[in-house]
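Working notes, beginning with the structure itself.
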Amino acid sequence: MKELKWIGGCALRYWPRYVMGVIALALVDLMNVYIPQFTGEITDGLKAGTMDMDGVWRLVVWIILLGAGMAAGRFGWRYFIFGTSLTIQRDMQRDLFAHLETLSMRYYNEHKTGDLMAHFTNDLQAIRMLLGPTIVTAFDASVMLIMVLGKMIFYVDTRLTLVAVIPLLLIMYGDYIYGKIMHRKFFARQRAFSDLTDQVQEAVSGIRVIKAFVQERKELAAFDQVNQRTHDRNMDVARTQALFLPLLDLVVGASGLLTLLYGGYLTIAGEITLGQFEAFNLYIAMLVWPMMAAGECVTFISQGMASVKRIRVILDERPEIVDGPEARDVDGLRGGIDLDGLTFSYPGQEKPALENISVRLDQGETLAILGRTGSGKTTLANLLLRLYNTRRNMIRIDGHSLYEIPLEVLRRDIAYVPQDSFLFSDTLAHNIAFGAESKSMEDIRQAARDACIHDNIIEFPDGYETVVGERGVTLSGGQKQRSAIARALLKDAPILILDDALSAVDTDTEEQILRSLRRLRRGRTTIIIAHRISTIQHADHILVLDDGRAAEYGSHEELMALGGIYRSVYDKQQLEKQLREEGGAAS
């Protein structure tokens with residue numbers, strides 16, 4: 001079973017710690033079984049008059065010393081075993097996060113954030129319980145069972161031990177059935193928790209839309225459905241536990257009753273002493289823990305192995321976008337780009353998002369891309385970053401196929417401002433410096449000035465140390481875009497891609513940013529995706545996309561003279577501008 005092999009390998013990395021913990025646990029159990037024996041010896045000694053107070057005090061001191069040794073041992077096994085399980089959980093969290101970073105965009109298109117978060121919380125917590133409390137419980141119960149049964153047989157009576165243990169054998173069969181049922185129920189519970197986490201995550205992320213459309217009641221109803229499913233799965237688990245654990249108590253109670261009846265008979269008959277009978281009852285009480293622990297172990301194992309399966313599903317996922325055998329030792333990019341018949345379809349879709357696109361861009365030139373929504377503009381940017389794979393040699397940079405350029409070099413030397421200007425829940429300074437190496441605070445300020453966001457930042461009470469909300473929610477759309485542009489400018493990469501990155505800024509600010517780009521990007525390649533002609537009219541090359549195809553291609557003057565889509569868009573935008581100006585003058 002690969003899941004068992006994997007989880008065993010994780011534990012074996014820390015086997016010395018587990019050995020130390022197990023030794024401490026065994027010593028605690030060993031000391032524990034002598035306490036009932038010493039108690040029985042005191043009882044028999046006092047009853048028979050063969051023990052004076054010095055003898056009593058000697059055994060009492062031994063009991064105290066055993067208690068102190070047990071306290072030290074319990075600290076030891078908790079430190080080594082529980083501490084190691086926490087260390088393994090930390091390692092797994094890191095490994096899982098690192099693996100998620102390697103996965104391709106397809107995986108994130110098919111899996112929800114809330115489900116992935118559930119793996120980091122509930123599932124890894126269940127695995128920690130499997131590698132910590134479960135090991136303690138299983139080993140402690142096994143050792144205690146063996147030691148206690150040994151004492152019951154050799155110190156008290158074999159016949160009485162057999163009578164007391166027979167009912168307890170039923171627990172072994174019950175544990176087997178219980179384990180199979182609980183594994184299935186825990187797996188269902190974990191899936192329900194993932195759905196709940198995902199529902200909450202989406203609702204919180206989209207809270208502004210929910211409020212804007214007054215959909216609080218509808219979202220609450222949707223949450224109630226998912227919440228009820230989670231409650232039902234939890235109740236399934238609770239009902240099974242509620243049924244099994246009392247039955248366990250019933251079996252243990254039956255064993256105690258038989259001990260009382262038969263042990264009392266043997267005591268009256270003089271075959272065992274009163275002290276032995278007292279010790280035996282204490283041993284029976286000590287057997288309750290191993291029997292109860294058996295059910296607890298089954299619970300932890302069932303829950304843990306269900307979570308291991310869910311984690312392994314992620315770890316077994318393999319990224320499609322990796323450095324292949326054809327990758328060369330390319331140190332960096334200069335910026336020459338060739339698209340040769342570029343055709344691409346998203347996974348599961350037959351219609352191409354891009355079809356037969358051919359463009360040549362020399363180092364230092366600017367390419368502008370114009371087109372309606374859904375025409376393939378962002379797809380082209382994603383392919384240049386190799387977020388998806390294309391057929392070989394359709395995209396070449398500096399004469400190298402994308403497959404020949406190591407991914408780290410490719411993405412290091414391309415600065416990208418996506419449509420959704422994502423900002424982390426961190427300070428503005430850290431957001432702007434994200435992706436740049438060894439940049440001073442003055443460099444960060446200069447990048448902000450070039451992106452026309454510096455004046456806004458210094459007006460904030462904390463300036464560059466202002467912490468923005470999740471995804472930059474506390475900033476306006478234009479402020480987020482300009483912060484993202486500052487981040488890209490600070491990276492100072494040979495290739496810059498702006499994907500509709502000026503849509504939320506006014507025309508005056510747009511013109512200032514464009515002037516900064518022309519000054520800073522001299523000799524460096526820039527690709528600008530936009531809807532406004534004013535944003536792209538100074539580009540060296542302009543590509544007009546229509547339904548994934550290259551409808552027009554040329555300079556601003558050439559496309560205007562062509563009188564096609566580009567000229568039509570230009571005329572409409574000029575008319576809109578004129579109407580706005582006339583409306584402003586009239587008011």
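Each chain in the structure tokens gets a letter, A, B, ..., in the order shown, and its residues are numbered from 1; ligands are numbered from 1 in order too.
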Discussion item. Show me, as a ChimeraX atom specification, the residues that have an atom within 12 Å of region 550-563 of chain A when counting only C-alpha atoms, minus same-chain residues fewer than 2 positions from it.
Written reply: /A:339,341-343,353-361,365-372,375-377,380,533-548,565-571
Using only C-alpha atoms, find each residue in region 246-329 of chain A having at least one atom no more than 12 Å away from region 41-59 of chain A; report its shortest atom-to-atom pair and that distance in Å (one decimal), rows by chain then rising number, as CSV.
residue,atom,partner,partner_atom,distance
A:Ile272,CA,A:Asp44,CA,10.7
A:Thr273,CA,A:Asp44,CA,7.1
A:Leu274,CA,A:Asp44,CA,6.7
A:Gly275,CA,A:Asp44,CA,5.0
A:Gln276,CA,A:Glu41,CA,7.9
A:Phe277,CA,A:Asp44,CA,10.2
A:Glu278,CA,A:Thr43,CA,8.4
A:Ala279,CA,A:Glu41,CA,8.7
Since we have the selection now, will you write its residues out, keeping all heavy atoms, as a PDB file, in the first residue's frame?
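Below is the file that was written, selection-v8.pdb:
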ATOM      1  N   ILE A 272      -6.180 -17.537  46.650  1.00  0.00           N
ATOM      2  CA  ILE A 272      -5.409 -16.307  46.476  1.00  0.00           C
ATOM      3  C   ILE A 272      -5.625 -15.460  47.716  1.00  0.00           C
ATOM      4  O   ILE A 272      -6.642 -15.604  48.419  1.00  0.00           O
ATOM      5  CB  ILE A 272      -5.816 -15.504  45.207  1.00  0.00           C
ATOM      6  CG1 ILE A 272      -7.277 -15.052  45.299  1.00  0.00           C
ATOM      7  CG2 ILE A 272      -5.561 -16.294  43.927  1.00  0.00           C
ATOM      8  CD1 ILE A 272      -7.699 -14.132  44.152  1.00  0.00           C
ATOM      9  N   THR A 273      -4.677 -14.592  48.002  1.00  0.00           N
ATOM     10  CA  THR A 273      -4.792 -13.758  49.193  1.00  0.00           C
ATOM     11  C   THR A 273      -5.646 -12.532  48.910  1.00  0.00           C
ATOM     12  O   THR A 273      -5.929 -12.189  47.751  1.00  0.00           O
ATOM     13  CB  THR A 273      -3.403 -13.294  49.656  1.00  0.00           C
ATOM     14  OG1 THR A 273      -2.847 -12.411  48.667  1.00  0.00           O
ATOM     15  CG2 THR A 273      -2.469 -14.483  49.861  1.00  0.00           C
ATOM     16  N   LEU A 274      -6.046 -11.875  49.991  1.00  0.00           N
ATOM     17  CA  LEU A 274      -6.820 -10.644  49.845  1.00  0.00           C
ATOM     18  C   LEU A 274      -6.003  -9.580  49.091  1.00  0.00           C
ATOM     19  O   LEU A 274      -6.541  -8.840  48.261  1.00  0.00           O
ATOM     20  CB  LEU A 274      -7.240 -10.117  51.230  1.00  0.00           C
ATOM     21  CG  LEU A 274      -8.043  -8.812  51.234  1.00  0.00           C
ATOM     22  CD1 LEU A 274      -9.372  -8.987  50.489  1.00  0.00           C
ATOM     23  CD2 LEU A 274      -8.291  -8.342  52.681  1.00  0.00           C
ATOM     24  N   GLY A 275      -4.704  -9.493  49.373  1.00  0.00           N
ATOM     25  CA  GLY A 275      -3.856  -8.522  48.681  1.00  0.00           C
ATOM     26  C   GLY A 275      -3.750  -8.814  47.197  1.00  0.00           C
ATOM     27  O   GLY A 275      -3.750  -7.904  46.367  1.00  0.00           O
ATOM     28  N   GLN A 276      -3.665 -10.120  46.848  1.00  0.00           N
ATOM     29  CA  GLN A 276      -3.625 -10.476  45.430  1.00  0.00           C
ATOM     30  C   GLN A 276      -4.940 -10.118  44.743  1.00  0.00           C
ATOM     31  O   GLN A 276      -4.960  -9.660  43.598  1.00  0.00           O
ATOM     32  CB  GLN A 276      -3.337 -11.967  45.281  1.00  0.00           C
ATOM     33  CG  GLN A 276      -1.904 -12.356  45.621  1.00  0.00           C
ATOM     34  CD  GLN A 276      -1.699 -13.857  45.545  1.00  0.00           C
ATOM     35  OE1 GLN A 276      -2.547 -14.641  45.999  1.00  0.00           O
ATOM     36  NE2 GLN A 276      -0.552 -14.268  44.994  1.00  0.00           N
ATOM     37  N   PHE A 277      -6.067 -10.360  45.454  1.00  0.00           N
ATOM     38  CA  PHE A 277      -7.371 -10.018  44.879  1.00  0.00           C
ATOM     39  C   PHE A 277      -7.486  -8.511  44.674  1.00  0.00           C
ATOM     40  O   PHE A 277      -8.001  -8.043  43.647  1.00  0.00           O
ATOM     41  CB  PHE A 277      -8.476 -10.527  45.805  1.00  0.00           C
ATOM     42  CG  PHE A 277      -9.864 -10.216  45.311  1.00  0.00           C
ATOM     43  CD1 PHE A 277     -10.291 -10.675  44.075  1.00  0.00           C
ATOM     44  CD2 PHE A 277     -10.737  -9.453  46.085  1.00  0.00           C
ATOM     45  CE1 PHE A 277     -11.576 -10.389  43.625  1.00  0.00           C
ATOM     46  CE2 PHE A 277     -12.014  -9.164  45.633  1.00  0.00           C
ATOM     47  CZ  PHE A 277     -12.429  -9.635  44.396  1.00  0.00           C
ATOM     48  N   GLU A 278      -6.990  -7.737  45.632  1.00  0.00           N
ATOM     49  CA  GLU A 278      -7.013  -6.277  45.508  1.00  0.00           C
ATOM     50  C   GLU A 278      -6.135  -5.825  44.341  1.00  0.00           C
ATOM     51  O   GLU A 278      -6.530  -4.980  43.537  1.00  0.00           O
ATOM     52  CB  GLU A 278      -6.524  -5.634  46.808  1.00  0.00           C
ATOM     53  CG  GLU A 278      -6.541  -4.109  46.770  1.00  0.00           C
ATOM     54  CD  GLU A 278      -5.984  -3.503  48.053  1.00  0.00           C
ATOM     55  OE1 GLU A 278      -5.585  -4.262  48.953  1.00  0.00           O
ATOM     56  OE2 GLU A 278      -5.939  -2.257  48.127  1.00  0.00           O
ATOM     57  N   ALA A 279      -4.932  -6.420  44.241  1.00  0.00           N
ATOM     58  CA  ALA A 279      -4.033  -6.077  43.136  1.00  0.00           C
ATOM     59  C   ALA A 279      -4.664  -6.446  41.790  1.00  0.00           C
ATOM     60  O   ALA A 279      -4.546  -5.702  40.808  1.00  0.00           O
ATOM     61  CB  ALA A 279      -2.693  -6.778  43.307  1.00  0.00           C
TER      62      ALA A 279
END
Worksheet entry | Proximity to Gly21 (chain A) - best of A:Ala72, A:Ala381, A:Val60, A:Leu66, only C-alpha atoms |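 Between A:Ala72, A:Ala381, A:Val60, A:Leu66, the residue approaching Gly21 (chain A) most closely is A:Ala72.
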Practice prompt. May I have all residues of region 208-438 of chain A that DSSP, computed from the backbone, assigns to helix (DSSP H, G or I), given as a PyMOL selection string?
Written response: chain A and resi 208-212+216-268+274-315+377-384+402-404+407-412+428-433
Fill in: Polymer residues at most 7 Å from region 303-310 of chain A, only C-alpha atoms, same-chain spacing of 2 or more positions, as a ChimeraX atom specification
/A:3,123,126-127,130,183,186-187,299-301,312-313
